[in-house]
Amino acid sequence: MRKFFCTLFLFFSFSLFAQESEQSDEVVSAVAVDDKSNMVVPEKSEVDLSQDYLAQSSSAVNAVAWTRDGKYFATSWNNSIILWNAAYNNIAAVYSNSVAESINPLINATSLRFTSDGRYMLCVRDNNTVLIHGVGSQTDATLITGTGDFISDAVYAGDYKIVLPLDGQNLYESYKSEDQYIVEEVLDFSDGVWSLSANASGKRILVTSESGAVRLVDSDTWDVLSETSCYTLSRIKPGFAPDGIHFVAAESQNKLVIASTAADSDSYHIEDSAGFSHAADFSSDSSLIVAGVNSGCVKIFDIETGFELQSFKLMPGDTAKSLAFSPDDEYVVIGTEQGYIYRWVLSGEEFVPDYSYYQEMEYETGVTGENRFGNVLLLNLGFSGLNSNYYIGRFFVESGYRHFLNKIFYLGGDISLGMGFPSVDYPYKYSTSGGMLNSPYLYNLGAGAVGGVSYFYKPRDLRLFVEAGVGLSISTLFDNSFDYAHSSGPYISFVAQGLAGIQWHWVRLAGGVQYDSTLKLLPVGKLGIAIPTRFFRK
């Protein structure tokens, strides 16, 4: 009997132990599942502020940059650089890309960098030059001209020492000695230089070659500390993280890698099925990365997990061309292919642009944007009838200028040179100075003043305008044949015209009627371009 109870006691004890073990296993299993489920994909937030942008340029915004103290950020802008006051979202200064040694209204900036103290701004331009601006002094500019086809990039290495591929192939350093900039070659690269990035101190330079190789260079000794060639040459230029250790590069169109200059195993991957566009940048603590994607968004990713955290929606069909986190990670400044400049607020109150100060500044300086079609040089090809069956019509070339008095009204002037082409022989001969004019050409020189009104539709980048003008015209008939080569006397005419037209980006189309006191009422059409200018700035 005692043996029976002992056996029964052992059986129940074993059963209880087995149940506790099973429950313990279930708990362990549940904990394991919970640990795995801690990697829950965070809820993504998408922001659509595509209508709330700072400004729009007529060309892609290739470069943006922040000063280290976050007081200012700079954006490329047509043939200029705009320095924005970050605290008030308004323009602090406008820097022209043209200097006396290099005057070209069509120059665009491709890269911008500030010195650590924010006193100087380095601007790489697409005409094989680099311009150094003194921040706060719009007249203090130094020009460095390349010796090759183009300069792809440039960075500051420490206190005002500049590193750049002057010939596109090798690395040079430029530094100021007394009143001169000294330029010396420091490294030879057989596969060229495509991009440059420096850490915060400027002691380490990340050099990307045209073959896709990434090299880490010591800017004091000019030794190559490490080299890897496993990255593709994509549109995203490799760039240093603020920690001075990691950098971002592209493994493929759809995959970014955050690699380490210290250990090959210390790397992370970020993927997007739409593919990445032109730019990526780190947050100040190097834990996040912001990148443009080909789906028309800008996204922020967690580097360690690779998860997408936030998304910013751009205008339809647009992609990010340049972008940068603010030093306090409160904002991301974005420049796009279509020329928009956004300031994406990541925390705090939503950003609503104040256009009033911006518009006032652009009207005063002639910088274009909301009013970028004001203050333009015009180049037109035109055609008008001649009220005669004996002429095909008159073709002319015309140049002009338009200056905006405010957002609606503008004034300007035109000068034109034209030629009327005969279609058949004249039914009569024109006798002059003993010679006969047979089917003569009509030559015409005209000049006049115009005034007009316009309406700018910002979302579609269109300007509608109506203008009227008056002027004088001098015409003459001339027989181009070698046998005669005679001309008539000059006809001086009063001219008045009215035109209506549309402008999209730089393309300008207009049509209307012209009254010439000699040639009477004529139809007229013009097709041309409007080149932004800053003439007659206040």
# chains A, B, ... in the order shown; residues from 1 in each chain; ligands from 1
$ select_by_dssp --residues "segment 122-196 of chain A" --states "strand (DSSP E or B)" --output "number ranges by chain"
A: 122-125, 129-134, 137-145, 155-156, 162-164, 171-177, 180-187, 195-196
$ write_last_selection --atoms "N, CA and C atoms" --output "compact mmCIF listing (two decimals), in the first residue's frame"
# COMPACT_ATOMS: atom_id res chain seq x y z
N LEU A 122 31.54 77.96 -50.77
CA LEU A 122 32.22 77.41 -51.94
C LEU A 122 31.17 76.96 -52.94
N CYS A 123 31.25 77.49 -54.15
CA CYS A 123 30.25 77.19 -55.18
C CYS A 123 30.94 76.60 -56.41
N VAL A 124 30.66 75.31 -56.69
CA VAL A 124 31.16 74.67 -57.91
C VAL A 124 30.14 74.93 -59.01
N ARG A 125 30.61 75.35 -60.19
CA ARG A 125 29.72 75.76 -61.26
C ARG A 125 29.92 74.87 -62.49
N THR A 129 34.43 76.13 -63.36
CA THR A 129 34.99 77.11 -62.43
C THR A 129 34.42 76.88 -61.03
N VAL A 130 35.13 77.43 -60.04
CA VAL A 130 34.69 77.43 -58.65
C VAL A 130 34.72 78.87 -58.16
N LEU A 131 33.65 79.29 -57.49
CA LEU A 131 33.56 80.66 -56.99
C LEU A 131 33.46 80.61 -55.46
N ILE A 132 34.29 81.39 -54.80
CA ILE A 132 34.30 81.47 -53.34
C ILE A 132 33.67 82.79 -52.93
N HIS A 133 32.53 82.73 -52.25
CA HIS A 133 31.82 83.92 -51.82
C HIS A 133 32.11 84.20 -50.35
N GLY A 134 32.29 85.47 -50.02
CA GLY A 134 32.33 85.88 -48.63
C GLY A 134 30.92 86.10 -48.13
N SER A 137 29.20 89.59 -47.64
CA SER A 137 29.79 90.55 -48.57
C SER A 137 29.57 90.05 -49.98
N GLN A 138 28.59 90.59 -50.65
CA GLN A 138 28.23 90.10 -51.98
C GLN A 138 29.23 90.50 -53.06
N THR A 139 30.17 91.37 -52.69
CA THR A 139 31.20 91.78 -53.66
C THR A 139 32.51 91.02 -53.46
N ASP A 140 32.62 90.27 -52.37
CA ASP A 140 33.85 89.53 -52.06
C ASP A 140 33.76 88.15 -52.67
N ALA A 141 34.34 87.96 -53.87
CA ALA A 141 34.28 86.68 -54.56
C ALA A 141 35.62 86.39 -55.21
N THR A 142 36.06 85.13 -55.13
CA THR A 142 37.30 84.69 -55.74
C THR A 142 37.00 83.57 -56.72
N LEU A 143 37.57 83.65 -57.92
CA LEU A 143 37.30 82.68 -58.97
C LEU A 143 38.49 81.75 -59.16
N ILE A 144 38.22 80.44 -59.20
CA ILE A 144 39.22 79.43 -59.55
C ILE A 144 38.76 78.76 -60.83
N THR A 145 39.60 78.76 -61.85
CA THR A 145 39.25 78.19 -63.14
C THR A 145 39.93 76.85 -63.33
N VAL A 155 35.50 70.61 -51.83
CA VAL A 155 35.17 70.64 -50.41
C VAL A 155 36.21 71.46 -49.67
N TYR A 156 35.81 71.91 -48.47
CA TYR A 156 36.76 72.54 -47.55
C TYR A 156 37.42 71.45 -46.72
N ILE A 162 40.98 74.33 -49.65
CA ILE A 162 40.01 73.77 -50.58
C ILE A 162 40.63 72.59 -51.30
N VAL A 163 39.87 71.51 -51.43
CA VAL A 163 40.31 70.33 -52.18
C VAL A 163 39.38 70.19 -53.38
N LEU A 164 39.96 70.03 -54.58
CA LEU A 164 39.15 69.97 -55.78
C LEU A 164 39.92 69.26 -56.90
N LEU A 171 43.76 65.25 -57.85
CA LEU A 171 43.30 66.03 -56.71
C LEU A 171 44.29 67.15 -56.42
N TYR A 172 43.75 68.35 -56.20
CA TYR A 172 44.55 69.52 -55.91
C TYR A 172 44.08 70.14 -54.59
N GLU A 173 44.99 70.84 -53.92
CA GLU A 173 44.60 71.65 -52.78
C GLU A 173 44.85 73.10 -53.11
N SER A 174 43.94 73.96 -52.67
CA SER A 174 44.05 75.39 -52.90
C SER A 174 43.95 76.09 -51.55
N TYR A 175 44.88 76.96 -51.27
CA TYR A 175 44.88 77.67 -49.99
C TYR A 175 45.36 79.10 -50.23
N LYS A 176 44.98 79.96 -49.29
CA LYS A 176 45.30 81.37 -49.44
C LYS A 176 46.61 81.68 -48.72
N SER A 177 47.53 82.29 -49.45
CA SER A 177 48.80 82.73 -48.88
C SER A 177 48.93 84.22 -49.14
N GLN A 180 47.11 85.81 -52.27
CA GLN A 180 47.00 84.93 -53.42
C GLN A 180 46.51 83.55 -53.00
N TYR A 181 45.81 82.90 -53.96
CA TYR A 181 45.42 81.51 -53.77
C TYR A 181 46.46 80.62 -54.46
N ILE A 182 47.07 79.74 -53.68
CA ILE A 182 48.07 78.82 -54.20
C ILE A 182 47.38 77.48 -54.49
N VAL A 183 47.61 76.92 -55.66
CA VAL A 183 47.01 75.64 -56.06
C VAL A 183 48.13 74.65 -56.34
N GLU A 184 48.07 73.48 -55.68
CA GLU A 184 49.10 72.45 -55.86
C GLU A 184 48.45 71.09 -56.04
N GLU A 185 49.03 70.27 -56.92
CA GLU A 185 48.55 68.91 -57.11
C GLU A 185 49.05 68.04 -55.96
N VAL A 186 48.16 67.21 -55.40
CA VAL A 186 48.54 66.39 -54.23
C VAL A 186 48.37 64.89 -54.47
N LEU A 187 47.44 64.47 -55.35
CA LEU A 187 47.21 63.05 -55.60
C LEU A 187 46.84 62.82 -57.05
N SER A 195 33.28 62.70 -57.18
CA SER A 195 32.67 63.43 -56.07
C SER A 195 33.63 63.47 -54.89
N LEU A 196 33.40 64.45 -54.00
CA LEU A 196 34.21 64.65 -52.81
C LEU A 196 33.30 64.89 -51.63
$ residues_around --residues "segment 238-255 of chain A" --least-positions-apart "4" --cutoff "6 Å" --atoms "only C-alpha atoms" --output "number ranges by chain"
A: 197, 199, 231-232, 259-261, 270-273, 275-276, 282, 284, 286
$ write_last_selection --atoms "N, CA, C and O atoms" --output "tab-separated table (two decimals), in the first residue's frame"
chain	number	residue	atom	x	y	z
A	197	SER	N	33.71	64.39	-50.47
A	197	SER	CA	32.99	64.64	-49.23
A	197	SER	C	34.00	64.66	-48.10
A	197	SER	O	34.92	63.85	-48.07
A	199	ASN	N	34.78	64.99	-43.72
A	199	ASN	CA	34.20	64.90	-42.39
A	199	ASN	C	34.21	66.28	-41.74
A	199	ASN	O	34.68	67.26	-42.33
A	231	TYR	N	31.03	49.65	-55.14
A	231	TYR	CA	29.84	50.48	-55.26
A	231	TYR	C	29.67	50.97	-56.70
A	231	TYR	O	30.64	51.24	-57.40
A	232	THR	N	28.43	51.11	-57.11
A	232	THR	CA	28.14	51.53	-58.47
A	232	THR	C	28.22	53.05	-58.57
A	232	THR	O	28.02	53.76	-57.60
A	259	ALA	N	28.09	52.35	-45.24
A	259	ALA	CA	29.30	51.60	-44.95
A	259	ALA	C	30.15	52.35	-43.94
A	259	ALA	O	29.93	53.53	-43.65
A	260	SER	N	31.16	51.65	-43.42
A	260	SER	CA	32.06	52.22	-42.42
A	260	SER	C	33.47	52.29	-42.97
A	260	SER	O	33.92	51.39	-43.69
A	261	THR	N	34.17	53.36	-42.64
A	261	THR	CA	35.58	53.48	-43.02
A	261	THR	C	36.48	52.75	-42.03
A	261	THR	O	37.68	52.63	-42.26
A	270	ILE	N	19.61	50.02	-47.20
A	270	ILE	CA	18.29	50.63	-47.33
A	270	ILE	C	17.82	50.40	-48.76
A	270	ILE	O	18.57	50.64	-49.71
A	271	GLU	N	16.58	49.92	-48.91
A	271	GLU	CA	16.06	49.60	-50.23
A	271	GLU	C	14.74	50.30	-50.49
A	271	GLU	O	13.96	50.56	-49.56
A	272	ASP	N	14.51	50.63	-51.76
A	272	ASP	CA	13.23	51.18	-52.19
A	272	ASP	C	12.96	50.68	-53.60
A	272	ASP	O	13.82	50.81	-54.49
A	273	SER	N	11.79	50.12	-53.80
A	273	SER	CA	11.48	49.50	-55.09
A	273	SER	C	11.41	50.50	-56.23
A	273	SER	O	11.64	50.15	-57.39
A	275	GLY	N	13.40	53.00	-56.65
A	275	GLY	CA	14.73	53.46	-57.01
A	275	GLY	C	15.02	54.84	-56.45
A	275	GLY	O	14.12	55.67	-56.31
A	276	PHE	N	16.27	55.08	-56.11
A	276	PHE	CA	16.67	56.36	-55.52
A	276	PHE	C	17.07	57.34	-56.61
A	276	PHE	O	17.62	56.96	-57.66
A	282	PHE	N	22.60	62.52	-44.19
A	282	PHE	CA	22.47	61.98	-42.84
A	282	PHE	C	21.89	63.02	-41.89
A	282	PHE	O	22.11	64.23	-42.05
A	284	SER	N	21.95	64.62	-37.97
A	284	SER	CA	23.12	65.07	-37.21
A	284	SER	C	23.70	63.97	-36.32
A	284	SER	O	24.89	63.96	-36.05
A	286	SER	N	23.61	60.78	-37.16
A	286	SER	CA	23.96	59.69	-38.09
A	286	SER	C	23.06	58.47	-37.95
A	286	SER	O	23.42	57.38	-38.38
$ closest_residue --among "A:Val376, A:Leu519, A:Leu112, A:Val495" --to "Gly393 of chain A" --atoms "only C-alpha atoms"
A:Leu519
$ closest_residue --among "A:Gly400, A:Gly192, A:Pro316, A:Gly418" --to "Gly385 of chain A" --atoms "only C-alpha atoms"
A:Gly418
$ residues_around --residues "Val224 of chain A" --least-positions-apart "5" --cutoff "10 Å" --atoms "only C-alpha atoms" --output "ChimeraX atom specification"
/A:187,204-207,215-219
$ decode --residues "segment 160-175 of chain A" --atoms "all heavy atoms" --output "short mmCIF file (atom, residue, chain, number, x, y, z; two decimals), in the first residue's frame"
data_model
loop_
_atom_site.label_atom_id
_atom_site.label_comp_id
_atom_site.auth_asym_id
_atom_site.auth_seq_id
_atom_site.Cartn_x
_atom_site.Cartn_y
_atom_site.Cartn_z
N TYR A 160 39.75 76.71 -44.31
CA TYR A 160 39.83 77.42 -45.58
C TYR A 160 40.71 76.77 -46.64
O TYR A 160 40.99 77.37 -47.66
CB TYR A 160 40.28 78.87 -45.35
CG TYR A 160 39.49 79.55 -44.27
CD1 TYR A 160 40.12 80.22 -43.23
CD2 TYR A 160 38.10 79.49 -44.26
CE1 TYR A 160 39.39 80.83 -42.22
CE2 TYR A 160 37.36 80.11 -43.26
CZ TYR A 160 38.01 80.77 -42.24
OH TYR A 160 37.28 81.37 -41.25
N LYS A 161 41.19 75.56 -46.41
CA LYS A 161 41.90 74.85 -47.47
C LYS A 161 40.87 74.14 -48.33
O LYS A 161 40.01 73.43 -47.83
CB LYS A 161 42.89 73.85 -46.87
CG LYS A 161 43.67 73.09 -47.95
CD LYS A 161 44.81 72.28 -47.35
CE LYS A 161 44.31 71.13 -46.52
NZ LYS A 161 45.43 70.27 -46.06
N ILE A 162 40.98 74.33 -49.65
CA ILE A 162 40.01 73.77 -50.58
C ILE A 162 40.63 72.59 -51.30
O ILE A 162 41.79 72.65 -51.73
CB ILE A 162 39.57 74.84 -51.60
CG1 ILE A 162 38.90 76.00 -50.87
CG2 ILE A 162 38.62 74.25 -52.62
CD1 ILE A 162 38.70 77.21 -51.75
N VAL A 163 39.87 71.51 -51.43
CA VAL A 163 40.31 70.33 -52.18
C VAL A 163 39.38 70.19 -53.38
O VAL A 163 38.15 70.21 -53.23
CB VAL A 163 40.25 69.06 -51.30
CG1 VAL A 163 40.66 67.85 -52.12
CG2 VAL A 163 41.17 69.22 -50.10
N LEU A 164 39.96 70.03 -54.58
CA LEU A 164 39.15 69.97 -55.78
C LEU A 164 39.92 69.26 -56.90
O LEU A 164 41.15 69.27 -56.90
CB LEU A 164 38.74 71.36 -56.25
CG LEU A 164 39.78 72.29 -56.87
CD1 LEU A 164 39.09 73.48 -57.53
CD2 LEU A 164 40.80 72.79 -55.87
N PRO A 165 39.20 68.62 -57.82
CA PRO A 165 39.83 68.01 -59.01
C PRO A 165 39.94 69.07 -60.11
O PRO A 165 39.09 69.16 -60.99
CB PRO A 165 38.88 66.89 -59.39
CG PRO A 165 37.54 67.38 -58.92
CD PRO A 165 37.77 68.27 -57.74
N LEU A 166 40.99 69.84 -60.08
CA LEU A 166 41.12 70.99 -60.96
C LEU A 166 41.10 70.59 -62.43
O LEU A 166 40.55 71.29 -63.28
CB LEU A 166 42.41 71.75 -60.64
CG LEU A 166 42.49 73.20 -61.12
CD1 LEU A 166 41.42 74.05 -60.46
CD2 LEU A 166 43.87 73.77 -60.84
N ASP A 167 41.71 69.44 -62.75
CA ASP A 167 41.74 68.97 -64.14
C ASP A 167 40.75 67.85 -64.39
O ASP A 167 40.75 67.24 -65.45
CB ASP A 167 43.15 68.52 -64.51
CG ASP A 167 43.67 67.43 -63.59
OD1 ASP A 167 42.91 66.99 -62.70
OD2 ASP A 167 44.83 67.01 -63.74
N GLY A 168 39.90 67.56 -63.39
CA GLY A 168 38.92 66.49 -63.52
C GLY A 168 39.48 65.11 -63.28
O GLY A 168 38.74 64.14 -63.12
N GLN A 169 40.80 65.00 -63.19
CA GLN A 169 41.45 63.70 -63.09
C GLN A 169 42.18 63.51 -61.77
O GLN A 169 42.10 62.47 -61.14
CB GLN A 169 42.47 63.55 -64.24
CG GLN A 169 43.07 62.16 -64.38
CD GLN A 169 42.11 61.18 -65.03
OE1 GLN A 169 41.15 61.60 -65.65
NE2 GLN A 169 42.37 59.89 -64.88
N ASN A 170 42.89 64.56 -61.32
CA ASN A 170 43.73 64.47 -60.14
C ASN A 170 43.24 65.42 -59.06
O ASN A 170 42.43 66.32 -59.33
CB ASN A 170 45.19 64.78 -60.50
CG ASN A 170 45.69 63.89 -61.62
OD1 ASN A 170 45.63 62.67 -61.53
ND2 ASN A 170 46.16 64.50 -62.71
N LEU A 171 43.76 65.25 -57.85
CA LEU A 171 43.30 66.03 -56.71
C LEU A 171 44.29 67.15 -56.42
O LEU A 171 45.50 66.93 -56.40
CB LEU A 171 43.16 65.11 -55.49
CG LEU A 171 42.10 65.51 -54.46
CD1 LEU A 171 40.72 65.57 -55.11
CD2 LEU A 171 42.09 64.52 -53.31
N TYR A 172 43.75 68.35 -56.20
CA TYR A 172 44.55 69.52 -55.91
C TYR A 172 44.08 70.14 -54.59
O TYR A 172 42.92 70.01 -54.21
CB TYR A 172 44.42 70.57 -57.02
CG TYR A 172 45.00 70.15 -58.35
CD1 TYR A 172 44.33 69.25 -59.17
CD2 TYR A 172 46.22 70.67 -58.78
CE1 TYR A 172 44.85 68.87 -60.40
CE2 TYR A 172 46.75 70.30 -60.02
CZ TYR A 172 46.06 69.40 -60.82
OH TYR A 172 46.59 69.03 -62.03
N GLU A 173 44.99 70.84 -53.92
CA GLU A 173 44.60 71.65 -52.78
C GLU A 173 44.85 73.10 -53.11
O GLU A 173 45.82 73.46 -53.80
CB GLU A 173 45.36 71.26 -51.51
CG GLU A 173 46.85 71.53 -51.53
CD GLU A 173 47.49 71.29 -50.18
OE1 GLU A 173 46.81 71.47 -49.16
OE2 GLU A 173 48.68 70.95 -50.14
N SER A 174 43.94 73.96 -52.67
CA SER A 174 44.05 75.39 -52.90
C SER A 174 43.95 76.09 -51.55
O SER A 174 43.05 75.82 -50.77
CB SER A 174 42.93 75.88 -53.83
OG SER A 174 42.95 77.27 -53.94
N TYR A 175 44.88 76.96 -51.27
CA TYR A 175 44.88 77.67 -49.99
C TYR A 175 45.36 79.10 -50.23
O TYR A 175 46.05 79.40 -51.20
CB TYR A 175 45.76 76.96 -48.97
CG TYR A 175 47.19 76.75 -49.42
CD1 TYR A 175 48.18 77.69 -49.14
CD2 TYR A 175 47.55 75.60 -50.13
CE1 TYR A 175 49.49 77.50 -49.57
CE2 TYR A 175 48.85 75.41 -50.56
CZ TYR A 175 49.81 76.36 -50.28
OH TYR A 175 51.10 76.17 -50.71
#
